[in-house]
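Q: What follows is the file final.txt, containing compact mmCIF, C-alpha atoms:
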# COMPACT_ATOMS: atom_id res chain seq x y z
CA MET A 199 194.42 -24.89 182.95
CA ASN A 200 191.97 -26.60 185.30
CA VAL A 201 193.10 -29.99 186.60
CA GLN A 202 190.13 -32.26 187.17
CA LYS A 203 190.03 -33.62 190.71
CA VAL A 204 189.88 -37.40 191.02
CA ASN A 205 187.19 -38.92 193.22
CA TYR A 206 189.41 -41.59 194.80
CA GLN A 207 186.53 -43.24 196.67
CA LYS A 208 184.60 -43.76 193.42
CA GLU A 209 187.73 -45.17 191.74
CA LEU A 210 188.17 -47.59 194.65
CA GLU A 211 184.52 -48.68 194.51
CA LYS A 212 184.86 -49.32 190.77
CA LEU A 213 187.86 -51.58 191.36
CA LEU A 214 186.20 -53.46 194.24
CA LYS A 215 183.16 -54.15 192.06
CA GLN A 216 185.44 -55.42 189.29
CA LEU A 217 187.35 -57.72 191.66
CA GLU A 218 184.09 -59.13 193.03
CA GLY A 219 182.79 -59.73 189.52
CA GLU A 220 185.97 -61.61 188.63
CA GLY A 221 185.88 -63.61 191.87
CA LYS A 222 189.38 -62.41 192.81
CA VAL A 223 190.70 -61.90 196.36
CA PRO A 224 194.06 -60.14 195.88
CA ASP A 225 196.85 -59.71 198.46
CA LEU A 226 197.08 -56.18 199.85
CA LEU A 227 199.84 -54.62 201.95
CA ILE A 228 198.44 -51.71 203.99
CA HIS A 229 200.75 -49.22 205.63
CA SER A 230 199.12 -48.33 208.95
CA CYS A 231 199.93 -45.25 211.01
CA CYS A 232 197.99 -46.46 214.07
CA ALA A 233 195.24 -48.83 215.20
CA PRO A 234 192.40 -46.25 215.29
CA CYS A 235 193.04 -45.14 211.70
CA SER A 236 193.32 -48.73 210.51
CA SER A 237 190.10 -49.91 212.19
CA TYR A 238 187.63 -48.76 209.53
CA VAL A 239 190.06 -49.48 206.68
CA LEU A 240 190.42 -53.09 207.84
CA GLU A 241 186.68 -53.49 208.37
CA TYR A 242 186.06 -52.17 204.86
CA LEU A 243 188.83 -53.76 202.79
CA SER A 244 188.96 -57.17 204.48
CA GLU A 245 185.71 -57.91 202.62
CA TYR A 246 187.69 -57.84 199.35
CA PHE A 247 191.39 -58.55 200.10
CA LYS A 248 193.72 -60.79 202.05
CA ILE A 249 195.50 -58.11 204.04
CA THR A 250 198.88 -57.70 205.70
CA VAL A 251 199.12 -54.65 207.95
CA PHE A 252 202.59 -53.12 207.64
CA TYR A 253 203.53 -51.01 210.64
CA TYR A 254 206.36 -48.73 209.53
CA ASN A 255 206.44 -45.36 211.29
CA PRO A 256 209.98 -44.18 212.07
CA ASN A 257 208.57 -40.68 212.64
CA ILE A 258 206.90 -41.59 215.94
CA TYR A 259 208.32 -39.96 219.08
CA PRO A 260 209.12 -40.92 221.81
CA GLU A 261 209.94 -44.64 221.63
CA SER A 262 207.40 -45.39 224.39
CA GLU A 263 204.69 -43.94 222.10
CA TYR A 264 205.92 -46.12 219.23
CA THR A 265 205.70 -49.22 221.43
CA LYS A 266 202.23 -48.26 222.66
CA ARG A 267 200.93 -47.80 219.09
CA ILE A 268 202.43 -51.02 217.73
CA LEU A 269 200.89 -53.05 220.59
CA GLU A 270 197.49 -51.42 219.99
CA GLN A 271 197.73 -52.32 216.30
CA GLN A 272 198.47 -55.98 217.06
CA LYS A 273 195.68 -56.12 219.65
CA LEU A 274 193.13 -54.71 217.18
CA ILE A 275 194.02 -57.33 214.55
CA ARG A 276 193.59 -60.07 217.17
CA ASP A 277 190.26 -58.69 218.41
CA MET A 278 188.53 -57.87 215.12
CA ARG A 279 186.77 -60.49 212.98
CA PHE A 280 187.42 -60.47 209.23
CA ARG A 281 186.01 -62.16 206.16
CA TYR A 282 189.50 -62.78 204.73
CA PRO A 283 192.75 -63.20 206.70
CA VAL A 284 194.53 -60.18 208.16
CA SER A 285 198.14 -60.57 209.30
CA PHE A 286 200.76 -58.23 210.73
CA LEU A 287 204.24 -57.19 209.60
CA ALA A 288 206.46 -54.91 211.70
CA GLY A 289 208.83 -52.53 209.95
CA LYS A 290 212.09 -51.27 211.42
CA TYR A 291 211.99 -48.33 213.83
CA ASP A 292 214.30 -46.23 211.64
CA LYS A 293 214.14 -42.99 213.64
CA GLU A 294 217.58 -41.83 212.39
CA LYS A 295 216.26 -42.15 208.83
CA PHE A 296 213.31 -39.92 209.72
CA TYR A 297 215.49 -37.22 211.33
CA LYS A 298 217.84 -37.24 208.35
CA MET A 299 214.84 -36.77 206.04
CA ALA A 300 213.53 -33.89 208.20
CA GLU A 301 216.83 -31.97 208.26
CA GLY A 302 216.27 -28.29 207.48
CA MET A 303 212.47 -28.68 207.71
CA GLU A 304 212.13 -28.92 211.50
CA ASP A 305 210.33 -25.55 211.80
CA LEU A 306 207.84 -26.07 208.97
CA LYS A 307 204.15 -26.20 209.85
CA GLU A 308 202.39 -29.55 210.00
CA GLY A 309 200.87 -30.51 206.64
CA GLY A 310 203.70 -28.91 204.66
CA ALA A 311 206.77 -30.19 202.82
CA ARG A 312 208.15 -32.12 205.82
CA CYS A 313 204.93 -34.13 206.11
CA MET A 314 204.91 -34.86 202.37
CA LYS A 315 208.47 -36.20 202.66
CA CYS A 316 207.39 -38.27 205.67
CA TYR A 317 204.49 -39.80 203.70
CA GLU A 318 206.93 -40.60 200.92
CA LEU A 319 209.42 -42.18 203.32
CA ARG A 320 206.78 -44.52 204.76
CA LEU A 321 205.07 -45.30 201.46
CA SER A 322 208.39 -45.98 199.74
CA GLU A 323 209.23 -48.67 202.28
CA THR A 324 205.70 -50.07 201.94
CA ALA A 325 206.06 -50.26 198.15
CA ARG A 326 209.46 -51.95 198.53
CA GLN A 327 208.01 -54.54 200.92
CA ALA A 328 205.00 -55.08 198.65
CA ALA A 329 207.27 -55.74 195.67
CA ALA A 330 209.54 -58.07 197.68
CA GLY A 331 206.55 -59.95 199.10
CA GLY A 332 204.75 -60.37 195.77
CA PHE A 333 201.67 -58.41 196.83
CA ASP A 334 199.07 -57.42 194.23
CA TYR A 335 198.44 -53.99 195.78
CA PHE A 336 199.69 -51.63 198.48
CA THR A 337 198.09 -48.60 200.13
CA THR A 338 198.05 -46.56 203.36
CA THR A 339 195.51 -45.75 206.07
CA LEU A 340 196.71 -42.12 206.19
CA SER A 341 193.92 -40.74 203.97
CA ILE A 342 191.33 -41.47 206.68
CA SER A 343 192.42 -38.37 208.60
CA PRO A 344 190.59 -35.12 207.77
CA LEU A 345 194.01 -33.44 208.23
CA LYS A 346 195.75 -35.50 205.54
CA ASN A 347 195.78 -34.55 201.86
CA ALA A 348 194.37 -37.56 199.98
CA GLN A 349 195.32 -36.16 196.59
CA LYS A 350 199.00 -35.81 197.57
CA LEU A 351 199.01 -39.26 199.19
CA ASN A 352 197.58 -40.87 196.07
CA GLU A 353 200.00 -39.02 193.80
CA ILE A 354 202.95 -40.24 195.91
CA GLY A 355 201.53 -43.78 196.08
CA GLU A 356 200.93 -44.03 192.34
CA ARG A 357 204.42 -42.74 191.54
CA LEU A 358 206.03 -45.23 193.92
CA GLY A 359 203.83 -47.99 192.55
CA ARG A 360 205.23 -47.36 189.08
CA GLU A 361 208.75 -47.23 190.48
CA TYR A 362 208.48 -50.54 192.35
CA GLY A 363 206.15 -52.31 189.94
CA VAL A 364 203.24 -52.80 192.37
CA GLU A 365 199.73 -51.42 191.93
CA TYR A 366 198.83 -48.63 194.37
CA LEU A 367 195.28 -48.90 195.70
CA MET A 368 193.83 -45.39 195.36
CA SER A 369 191.77 -44.29 198.33
CA ASP A 370 190.26 -41.50 200.37
CA PHE A 371 189.13 -43.42 203.43
CA LYS A 372 187.64 -40.40 205.18
CA LYS A 373 184.81 -40.50 202.59
CA LYS A 374 181.55 -42.39 203.27
CA ASN A 375 181.89 -41.47 206.98
CA GLY A 376 185.12 -43.49 207.22
CA TYR A 377 186.65 -41.18 209.82
CA LYS A 378 183.44 -41.19 211.89
CA ARG A 379 183.34 -45.01 211.72
CA SER A 380 186.98 -45.20 212.88
CA ILE A 381 186.02 -43.23 216.01
CA GLU A 382 183.11 -45.61 216.67
CA LEU A 383 185.34 -48.67 216.22
CA SER A 384 188.01 -47.14 218.46
CA LYS A 385 185.42 -46.87 221.24
CA GLU A 386 184.09 -50.36 220.54
CA TYR A 387 187.56 -51.94 220.83
CA GLY A 388 188.80 -49.61 223.60
CA LEU A 389 191.64 -48.24 221.49
CA TYR A 390 194.11 -45.62 222.64
CA ARG A 391 193.69 -42.53 220.44
CA GLN A 392 196.74 -40.27 220.48
CA ASP A 393 196.30 -36.49 220.37
CA TYR A 394 199.17 -35.72 217.99
CA CYS A 395 200.23 -37.05 214.60
CA GLY A 396 203.32 -38.82 215.87
CA CYS A 397 206.59 -36.97 215.35
CA GLU A 398 208.48 -34.73 217.76
CA PHE A 399 207.59 -31.66 215.68
CA SER A 400 203.86 -32.39 215.79
CA ILE A 401 204.00 -32.55 219.61
CA SER A 402 205.40 -29.02 219.80
CA GLU A 403 202.63 -27.80 217.46
CA LYS A 404 199.89 -29.55 219.46
Please express what this file holds, its structure, as structure tokens.

A:
Amino acid sequence: MNVQKVNYQKELEKLLKQLEGEGKVPDLLIHSCCAPCSSYVLEYLSEYFKITVFYYNPNIYPESEYTKRILEQQKLIRDMRFRYPVSFLAGKYDKEKFYKMAEGMEDLKEGGARCMKCYELRLSETARQAAAGGFDYFTTTLSISPLKNAQKLNEIGERLGREYGVEYLMSDFKKKNGYKRSIELSKEYGLYRQDYCGCEFSISEK
């Protein structure tokens, strides 16, 4: 049986048009993996939402890299200009939680089951925070990367949205030259662009 692929960008555009027509500016919690990936997403979605950037990435190794990325994220939010407010929320650096999740999957290739579990770990905490904070929607910047599986991310997000009772904002931010625009914005704002995904295992695969 053929499963019809969802065009997540078209679904997002449909929703944005609807929100504009209704004159609504909902609250959105965005999980961000790093400043460069968030740059285009913030430029795009801040036209429609009041955004809180949630930085929760217990996978990042070493701690100096984590600190560097979180500071870059805060700097970008300060430097960019937005139509609607964008604020920042730091998650806990739960590295033990990440290593416990990765147990037995250390040798798997990047993009496999370990990465899917890592997406779920970060999105689960984002959904929990969104529910606790009374947000209308939550989403992640992860789909901007050409190396990330947007379909899997959206499936995980939608499932967690149902579990926590918060709407997941479907997306595939690499579409409409989103990834290309993120590179342009990174240059414009002088952002540090890391050369590995973030975890200890992705460094060894680099």

Q: Set the distance at 10 Å and use all atoms listed in the file: which residues neighbour range 273-289 of chain A once local chain neighbours fewer than 4 positions away are removed? I'd like the list as a ChimeraX atom specification.

A: /A:223,225-229,233-234,236-237,240-256,267-269,320,323-324,327,383-384,387-389

Q: I'd like to know which of A:Lys266, A:Lys372, A:Lys215, A:Lys295 is closest to Lys346 in chain A, using only C-alpha atoms.

A: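 Distance minimum relative to Lys346 in chain A lands on A:Lys372.
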
Q: Nearest to Ser400 in chain A: which of A:Asp370, A:Glu361, A:Asp334, A:Glu308 is it, counting all atoms listed in the file?

A: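 Between A:Asp370, A:Glu361, A:Asp334, A:Glu308, the residue approaching Ser400 in chain A most closely is A:Glu308.
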
Q: Which residue gives the smallest distance to Phe336 in chain A among A:Pro224, A:Asn375, A:Glu386, A:Glu294, with all atoms listed in the file counted?

A: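 Result for the nearest residue to Phe336 in chain A: A:Pro224.
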
Q: Quote the spacing between CA of Asn352 in chain A and CA of Thr337 in chain A in Å to one decimal place.

A: 8.7 Å

Q: Would you mind telling me which residue in A:Val204, A:Ile401, A:Ala325, A:Leu210 lies nearest to Phe371 in chain A when using only C-alpha atoms?

A: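 Under the stated criterion, the closest residue is A:Leu210.
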
Q: What does the distance from CA of Gln207 in chain A to CA of Leu345 in chain A come to in Å, to one decimal?

A: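 Those two atoms sit 16.9 Å apart.
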
Q: Around (199.6, -42.4, 204.5), as given in the file, which residues come within 9 Å? Count all atoms listed in the file and list them as a PyMOL selection string.

A: chain A and resi 229-231+316-318+320-321+337-342+346+348+351-352+355

Q: When you draw a straight line from CA of Phe333 in chain A to CA of Ser380 in chain A, how long is it in Å?

A: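 Distance reported for this atom pair: 25.5 Å.
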
Q: I'd like to know which of A:Ser262, A:Asn257, A:Ser343, A:Ser322 is closest to Gly396 in chain A, using only C-alpha atoms.

A: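 Of all the options, A:Asn257 lies closest to Gly396 in chain A.
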
Q: Write a file for range 371-384 of chain A of the given structure; include all heavy atoms and format it as a compact mmCIF listing (two decimals), in the first residue's frame.

A:
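Once everything was written out, this is decode-v4.txt:
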# COMPACT_ATOMS: atom_id res chain seq x y z
N PHE A 371 11.50 23.10 7.14
CA PHE A 371 12.07 24.43 6.95
C PHE A 371 13.15 24.51 5.88
O PHE A 371 13.52 25.61 5.47
CB PHE A 371 12.60 24.98 8.28
CG PHE A 371 11.52 25.24 9.29
CD1 PHE A 371 11.51 24.59 10.52
CD2 PHE A 371 10.48 26.13 9.01
CE1 PHE A 371 10.51 24.84 11.45
CE2 PHE A 371 9.47 26.38 9.94
CZ PHE A 371 9.49 25.73 11.16
N LYS A 372 13.65 23.34 5.42
CA LYS A 372 14.65 23.39 4.35
C LYS A 372 14.02 23.80 3.02
O LYS A 372 14.71 24.23 2.10
CB LYS A 372 15.38 22.06 4.23
CG LYS A 372 14.55 20.91 3.71
CD LYS A 372 15.32 19.60 3.60
CE LYS A 372 15.52 18.91 4.91
NZ LYS A 372 14.29 18.40 5.55
N LYS A 373 12.69 23.64 2.92
CA LYS A 373 11.97 23.99 1.68
C LYS A 373 11.99 25.51 1.47
O LYS A 373 12.22 26.28 2.40
CB LYS A 373 10.52 23.50 1.75
CG LYS A 373 10.39 21.98 1.77
CD LYS A 373 10.77 21.37 0.44
CE LYS A 373 10.85 19.86 0.46
NZ LYS A 373 9.56 19.22 0.43
N LYS A 374 11.67 25.94 0.26
CA LYS A 374 11.66 27.36 -0.11
C LYS A 374 13.01 28.02 0.18
O LYS A 374 13.08 29.15 0.67
CB LYS A 374 10.54 28.10 0.64
CG LYS A 374 9.13 27.69 0.19
CD LYS A 374 8.06 28.54 0.82
CE LYS A 374 7.97 29.89 0.16
NZ LYS A 374 6.89 30.72 0.73
N ASN A 375 14.10 27.27 -0.07
CA ASN A 375 15.47 27.75 0.14
C ASN A 375 15.76 28.14 1.59
O ASN A 375 16.61 29.00 1.85
CB ASN A 375 15.78 28.95 -0.78
CG ASN A 375 15.92 28.53 -2.23
OD1 ASN A 375 16.53 27.49 -2.51
ND2 ASN A 375 15.35 29.28 -3.14
N GLY A 376 15.06 27.50 2.53
CA GLY A 376 15.25 27.81 3.95
C GLY A 376 16.67 27.56 4.42
O GLY A 376 17.25 28.38 5.13
N TYR A 377 17.24 26.42 3.99
CA TYR A 377 18.62 26.11 4.41
C TYR A 377 19.60 27.13 3.84
O TYR A 377 20.48 27.64 4.54
CB TYR A 377 18.99 24.69 3.98
CG TYR A 377 20.40 24.31 4.35
CD1 TYR A 377 20.77 24.17 5.69
CD2 TYR A 377 21.38 24.12 3.38
CE1 TYR A 377 22.07 23.83 6.05
CE2 TYR A 377 22.69 23.78 3.72
CZ TYR A 377 23.02 23.65 5.06
OH TYR A 377 24.32 23.33 5.40
N LYS A 378 19.41 27.46 2.56
CA LYS A 378 20.28 28.45 1.88
C LYS A 378 20.18 29.81 2.60
O LYS A 378 21.19 30.47 2.85
CB LYS A 378 19.82 28.58 0.42
CG LYS A 378 20.63 29.55 -0.42
CD LYS A 378 20.23 29.43 -1.88
CE LYS A 378 20.94 30.43 -2.76
NZ LYS A 378 20.28 31.75 -2.78
N ARG A 379 18.96 30.19 2.97
CA ARG A 379 18.76 31.47 3.67
C ARG A 379 19.43 31.44 5.05
O ARG A 379 19.98 32.45 5.49
CB ARG A 379 17.25 31.75 3.80
CG ARG A 379 16.90 33.05 4.51
CD ARG A 379 17.43 34.26 3.79
NE ARG A 379 17.13 35.49 4.51
CZ ARG A 379 17.89 36.58 4.47
NH1 ARG A 379 18.99 36.61 3.72
NH2 ARG A 379 17.56 37.66 5.16
N SER A 380 19.42 30.29 5.71
CA SER A 380 20.07 30.19 7.03
C SER A 380 21.58 30.42 6.92
O SER A 380 22.19 31.00 7.81
CB SER A 380 19.78 28.84 7.69
OG SER A 380 20.53 27.80 7.12
N ILE A 381 22.17 29.97 5.80
CA ILE A 381 23.61 30.20 5.58
C ILE A 381 23.87 31.69 5.35
O ILE A 381 24.83 32.25 5.90
CB ILE A 381 24.12 29.35 4.39
CG1 ILE A 381 24.05 27.86 4.75
CG2 ILE A 381 25.54 29.73 4.00
CD1 ILE A 381 24.30 26.91 3.61
N GLU A 382 22.99 32.33 4.57
CA GLU A 382 23.13 33.78 4.33
C GLU A 382 23.01 34.57 5.63
O GLU A 382 23.81 35.48 5.89
CB GLU A 382 22.04 34.25 3.35
CG GLU A 382 22.21 33.75 1.93
CD GLU A 382 20.98 33.98 1.05
OE1 GLU A 382 19.98 34.53 1.53
OE2 GLU A 382 21.04 33.59 -0.13
N LEU A 383 22.02 34.22 6.44
CA LEU A 383 21.82 34.92 7.72
C LEU A 383 22.97 34.66 8.68
O LEU A 383 23.36 35.56 9.44
CB LEU A 383 20.48 34.50 8.35
CG LEU A 383 19.23 35.06 7.68
CD1 LEU A 383 17.98 34.32 8.14
CD2 LEU A 383 19.07 36.56 7.95
N SER A 384 23.52 33.47 8.65
CA SER A 384 24.67 33.14 9.51
C SER A 384 25.85 34.05 9.17
O SER A 384 26.55 34.54 10.07
CB SER A 384 25.09 31.69 9.34
OG SER A 384 24.07 30.83 9.77
